[in-house]
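Student: There's a structure below that I have some questions on.
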Amino acid sequence: DLYNENIQNEFVEQFYNWINSSKNNKLTGLENFTNRKQVSGTAQAFDHWYWRHKNRTFRFFKGEFMYHSAVLKHGGLYANIEDRKLQPNDAVIISVPFSDYGSQHPKLDSILNNCQALGIPVLLDFAYYPCTKNIDINLDKYTCIETVTFSISKAFYGAEFLRVGMRLERNDTDDGIDVFNSVEMVNRVSLSIAMSLIAKYSVDHSWNTYADVYQEVCNELELNTTDCIMFGTGGEKYADYNRGSDVNRVCISELIGEKINDRSK
């Protein structure tokens, strides 16, 4: 596969079909994001989007993926969505499911409606999509959604080290990611491993297989369940896990794995 000159195109097609095959989630209009490119995880998509909108103020909810503030604090403009009303010169980033809630953000539709009215570009981060259920978005309704990005990192144990994902946009903007793909500057070994994984396991595999174990772990730890099988949310005793929002998110994926492994011995 290291010398398979077509592996990049094969991956993009297979990964798109894998994402689009979910029975647990519904993304209407994904087929209209025809510029589909391989990226080194969602982070590469973020970096190029920051640069594209460098003259705007980036807006995201409290508790969002800390990568955004870690990068933008070095000269970028950013503010939490909760801090003030959205302005025409903003650019909005939202994870779906929202990374601190483990479910679709309850204000997602209202924010997208505001962005649509104000002409604000939006990036939706679907890094946790393969671990999630009950996502329902009509992408056709919001032309303000400029970029959506997915990753295989959360789908399988160890897959975060592959650094494999996909960025989808409505148009080819001829940016760095488009150039990287056009000259095949991709990790073919990682693509090969990723393709083997998605060929064997469905995008809904985690919920379809481990829902009972997830519920058991949440019950034992007194956590509220979420729509992302990696997370539960807890009360005051989990205050140290707070990331800035109104919930205390707790990652339980390793505990689920331990139970599964113990039962297989």
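By convention in this document, the chains of the structure tokens carry letters A, B, ... by their order, each chain's residues are numbered from 1, and ligands are numbered from 1 in the order they are shown.
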Could you pull the residues within 7 Å of region 179-188 of chain A, counting only C-alpha atoms, minus those fewer than 3 positions along the same chain, as a compact mmCIF listing (two decimals) with N, CA and C atoms, in the first residue's frame?
Tutor:
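Generated file (part15.txt):
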# COMPACT_ATOMS: atom_id res chain seq x y z
N ASP A 1 0.82 -1.22 0.00
CA ASP A 1 0.00 0.00 0.00
C ASP A 1 0.85 1.27 0.00
N LEU A 2 2.08 1.17 0.47
CA LEU A 2 2.97 2.33 0.45
C LEU A 2 3.18 2.82 -0.98
N ILE A 7 -4.45 4.87 -3.42
CA ILE A 7 -4.99 4.61 -2.09
C ILE A 7 -5.67 5.84 -1.48
N LYS A 37 -11.45 15.86 1.00
CA LYS A 37 -10.00 15.69 1.03
C LYS A 37 -9.55 15.01 2.33
N GLN A 38 -8.50 14.23 2.22
CA GLN A 38 -7.94 13.58 3.39
C GLN A 38 -7.14 14.59 4.20
N ASP A 174 -8.77 25.70 -3.04
CA ASP A 174 -7.36 25.67 -3.43
C ASP A 174 -6.47 26.16 -2.30
N ASP A 175 -6.72 25.66 -1.09
CA ASP A 175 -5.88 26.02 0.04
C ASP A 175 -4.82 24.94 0.25
N GLY A 176 -4.13 25.00 1.36
CA GLY A 176 -3.04 24.07 1.60
C GLY A 176 -3.47 22.61 1.61
N LEU A 191 -3.39 5.41 6.01
CA LEU A 191 -4.61 5.23 5.22
C LEU A 191 -4.93 3.74 5.06
N SER A 192 -3.91 2.93 4.85
CA SER A 192 -4.11 1.50 4.69
C SER A 192 -4.72 0.88 5.95
Student: Could you please write out, as number ranges by chain, every residue of region 87-254 of chain A that DSSP assigns to strand (DSSP E or B)?
Tutor: A: 90-95, 98, 103, 122-126, 132, 136-138, 145-151, 165-169, 224-225, 228, 231-234, 248-251
Student: Let me see the file: selected residues, N, CA, C and O atoms, as a compact mmCIF listing (two decimals), in the first residue's frame.
Tutor:
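What ended up in result05.txt:
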# COMPACT_ATOMS: atom_id res chain seq x y z
N ASP A 90 -17.61 37.52 12.62
CA ASP A 90 -17.21 36.35 13.38
C ASP A 90 -17.04 35.14 12.46
O ASP A 90 -17.45 35.15 11.29
N ALA A 91 -16.45 34.09 13.00
CA ALA A 91 -16.40 32.77 12.37
C ALA A 91 -16.64 31.77 13.48
O ALA A 91 -16.00 31.84 14.54
N VAL A 92 -17.57 30.84 13.28
CA VAL A 92 -18.04 29.98 14.36
C VAL A 92 -17.56 28.55 14.17
O VAL A 92 -17.58 28.00 13.06
N ILE A 93 -17.12 27.94 15.28
CA ILE A 93 -16.69 26.55 15.32
C ILE A 93 -17.53 25.82 16.36
O ILE A 93 -17.62 26.25 17.51
N ILE A 94 -18.16 24.71 15.96
CA ILE A 94 -18.97 23.92 16.90
C ILE A 94 -18.69 22.44 16.68
O ILE A 94 -18.74 21.95 15.54
N SER A 95 -18.41 21.72 17.75
CA SER A 95 -18.25 20.27 17.65
C SER A 95 -19.62 19.61 17.74
O SER A 95 -20.50 20.05 18.48
N PHE A 98 -21.37 18.11 20.72
CA PHE A 98 -20.57 19.09 21.44
C PHE A 98 -19.65 18.36 22.41
O PHE A 98 -20.09 17.53 23.21
N SER A 103 -23.37 15.25 23.37
CA SER A 103 -24.61 15.22 22.60
C SER A 103 -24.68 16.50 21.76
O SER A 103 -23.89 17.43 21.97
N VAL A 122 -19.20 28.88 9.11
CA VAL A 122 -19.25 27.91 10.20
C VAL A 122 -18.44 26.68 9.84
O VAL A 122 -18.49 26.19 8.71
N LEU A 123 -17.69 26.17 10.82
CA LEU A 123 -17.03 24.87 10.71
C LEU A 123 -17.66 23.95 11.75
O LEU A 123 -17.72 24.28 12.93
N LEU A 124 -18.14 22.78 11.30
CA LEU A 124 -18.67 21.77 12.21
C LEU A 124 -17.64 20.65 12.35
O LEU A 124 -17.20 20.07 11.36
N ASP A 125 -17.29 20.36 13.58
CA ASP A 125 -16.28 19.36 13.91
C ASP A 125 -16.98 18.07 14.33
O ASP A 125 -17.57 17.99 15.41
N PHE A 126 -16.89 17.04 13.49
CA PHE A 126 -17.55 15.75 13.75
C PHE A 126 -16.54 14.69 14.20
O PHE A 126 -16.70 13.51 13.87
N THR A 132 -21.10 8.19 18.36
CA THR A 132 -22.26 8.97 18.77
C THR A 132 -23.55 8.48 18.11
O THR A 132 -23.53 7.89 17.04
N ASP A 136 -28.75 14.84 14.34
CA ASP A 136 -29.74 15.09 13.28
C ASP A 136 -29.58 16.53 12.80
O ASP A 136 -29.99 17.46 13.49
N ILE A 137 -28.96 16.71 11.64
CA ILE A 137 -28.72 18.05 11.10
C ILE A 137 -29.03 18.05 9.61
O ILE A 137 -28.61 17.14 8.88
N ASN A 138 -29.76 19.07 9.19
CA ASN A 138 -30.00 19.28 7.76
C ASN A 138 -28.99 20.30 7.27
O ASN A 138 -29.18 21.51 7.41
N ILE A 145 -22.68 26.87 6.66
CA ILE A 145 -21.76 25.80 7.02
C ILE A 145 -20.81 25.59 5.85
O ILE A 145 -21.17 25.03 4.82
N GLU A 146 -19.61 26.03 6.03
CA GLU A 146 -18.61 26.06 4.97
C GLU A 146 -17.77 24.78 4.94
O GLU A 146 -17.41 24.27 3.88
N THR A 147 -17.49 24.28 6.13
CA THR A 147 -16.58 23.15 6.28
C THR A 147 -17.12 22.18 7.32
O THR A 147 -17.62 22.59 8.38
N VAL A 148 -17.04 20.88 7.02
CA VAL A 148 -17.29 19.84 8.02
C VAL A 148 -16.08 18.90 7.99
O VAL A 148 -15.49 18.67 6.94
N THR A 149 -15.73 18.38 9.15
CA THR A 149 -14.54 17.54 9.21
C THR A 149 -14.76 16.36 10.15
O THR A 149 -15.43 16.49 11.18
N PHE A 150 -14.23 15.22 9.75
CA PHE A 150 -14.38 13.97 10.49
C PHE A 150 -13.01 13.37 10.76
O PHE A 150 -12.03 13.68 10.09
N SER A 151 -12.97 12.46 11.73
CA SER A 151 -11.73 11.79 12.08
C SER A 151 -12.01 10.34 12.42
O SER A 151 -13.11 10.00 12.85
N GLY A 165 -8.18 11.61 8.79
CA GLY A 165 -9.52 12.17 8.80
C GLY A 165 -9.89 12.67 7.43
O GLY A 165 -9.17 12.45 6.44
N MET A 166 -11.00 13.37 7.36
CA MET A 166 -11.47 13.90 6.09
C MET A 166 -12.12 15.27 6.29
O MET A 166 -12.85 15.47 7.25
N ARG A 167 -11.81 16.19 5.39
CA ARG A 167 -12.47 17.49 5.36
C ARG A 167 -13.38 17.55 4.15
O ARG A 167 -12.97 17.19 3.04
N LEU A 168 -14.60 18.03 4.36
CA LEU A 168 -15.55 18.19 3.26
C LEU A 168 -15.99 19.64 3.17
O LEU A 168 -16.34 20.26 4.20
N GLU A 169 -15.96 20.19 1.97
CA GLU A 169 -16.40 21.57 1.74
C GLU A 169 -17.28 21.60 0.49
O GLU A 169 -17.22 20.71 -0.36
N ASN A 224 -24.50 10.70 34.49
CA ASN A 224 -25.58 10.81 33.52
C ASN A 224 -25.08 10.34 32.16
O ASN A 224 -23.94 10.63 31.78
N THR A 225 -25.92 9.62 31.45
CA THR A 225 -25.52 9.14 30.13
C THR A 225 -25.56 10.28 29.12
O THR A 225 -26.25 11.29 29.30
N CYS A 228 -22.66 10.23 23.36
CA CYS A 228 -21.32 9.80 22.95
C CYS A 228 -20.86 8.72 23.91
O CYS A 228 -20.79 8.95 25.12
N PHE A 231 -18.33 9.30 26.91
CA PHE A 231 -18.51 10.27 27.99
C PHE A 231 -19.77 10.04 28.81
O PHE A 231 -20.80 9.61 28.30
N GLY A 232 -19.65 10.38 30.10
CA GLY A 232 -20.79 10.59 30.97
C GLY A 232 -20.62 11.95 31.62
O GLY A 232 -19.52 12.54 31.57
N THR A 233 -21.66 12.49 32.20
CA THR A 233 -21.55 13.76 32.92
C THR A 233 -21.95 13.56 34.37
O THR A 233 -22.89 12.82 34.67
N GLY A 234 -21.19 14.20 35.26
CA GLY A 234 -21.38 13.95 36.68
C GLY A 234 -21.69 15.18 37.50
O GLY A 234 -21.64 16.32 37.01
N ASN A 248 -19.95 18.58 34.06
CA ASN A 248 -18.66 17.99 34.37
C ASN A 248 -18.53 16.72 33.54
O ASN A 248 -19.08 15.68 33.88
N ARG A 249 -17.80 16.81 32.45
CA ARG A 249 -17.66 15.69 31.52
C ARG A 249 -16.58 14.73 32.00
O ARG A 249 -15.49 15.14 32.37
N VAL A 250 -16.91 13.44 31.99
CA VAL A 250 -15.97 12.41 32.42
C VAL A 250 -15.78 11.41 31.29
O VAL A 250 -16.76 10.86 30.77
N CYS A 251 -14.54 11.17 30.91
CA CYS A 251 -14.24 10.19 29.86
C CYS A 251 -14.16 8.80 30.48
O CYS A 251 -13.40 8.58 31.42
Student: Under the rule that only C-alpha atoms are counted, which of A:Glu236, A:Val203, A:Asp246, A:Tyr210 is the nearest residue to Glu222 (chain A)?
Tutor: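 Checking each of A:Glu236, A:Val203, A:Asp246, A:Tyr210 against Glu222 (chain A), counting only C-alpha atoms, the winner is A:Glu236.
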Student: Which is closest to Lys154 (chain A) among A:Phe65, A:Gly119, A:Tyr128, A:Gly235, if we use only C-alpha atoms?
Tutor: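 Distance minimum relative to Lys154 (chain A) lands on A:Tyr128.
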Student: Measuring between only C-alpha atoms, which one of A:Asp262, A:Ala155, A:Ala194, A:Trp207 shows the shortest distance to Glu10 (chain A)?
Tutor: A:Ala194
Student: Could you work out how far CA of Asn114 (chain A) lies from CA of Trp51 (chain A), giving the answer in Å with one decimal?
Tutor: 22.9 Å
Student: One number please: CA of Val39 (chain A) to CA of Gly158 (chain A), in Å, one decimal.
Tutor: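 Going from CA of Val39 (chain A) over to CA of Gly158 (chain A) covers 17.5 Å.
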Student: Just the number, please: distance in Å from CA of Ser99 (chain A) to CA of Ile256 (chain A), one decimal.
Tutor: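 Separation of CA of Ser99 (chain A) and CA of Ile256 (chain A): 18.7 Å.
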Student: Find, counting only C-alpha atoms, the residue in A:Tyr241, A:Tyr142, A:Phe60, A:Tyr67 that gets nearest to Arg84 (chain A).
Tutor: A:Phe60
Student: Find the residues around Asp140 (chain A) up to 10 Å (only C-alpha atoms counted), leave out those fewer than 5 positions away in its own chain, and share them as an NGL selection string.
Tutor: :A and (27-33 or 145)
Student: With a distance cut-off of 9 Å and only C-alpha atoms, select the neighbouring residues of Pro88 (chain A), excluding the residue or stretch itself and same-chain residues fewer than 6 positions from it, and output the selection as a list in words.
Tutor: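 My list of contacting residues is Arg56, Cys115, Leu118, Gly119 and Ile120 of chain A.
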Student: Nearest to Cys131 (chain A): which of A:Val12, A:Leu86, A:Leu221, A:Ile152 is it, counting only C-alpha atoms?
Tutor: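 Checking each of A:Val12, A:Leu86, A:Leu221, A:Ile152 against Cys131 (chain A), counting only C-alpha atoms, the winner is A:Ile152.
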Student: Looking at only C-alpha atoms, which of A:Lys133, A:Ser22, A:Arg243, A:Ile193 is the one that sits closest to Ala211 (chain A)?
Tutor: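 That would be A:Lys133, the residue with the smallest distance to Ala211 (chain A).
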Student: To test your reading of the structure, identify every residue in region 36-150 of chain A that backbone DSSP assigns to helix (DSSP H, G or I), and report it as a count of residues only.
Tutor: 38
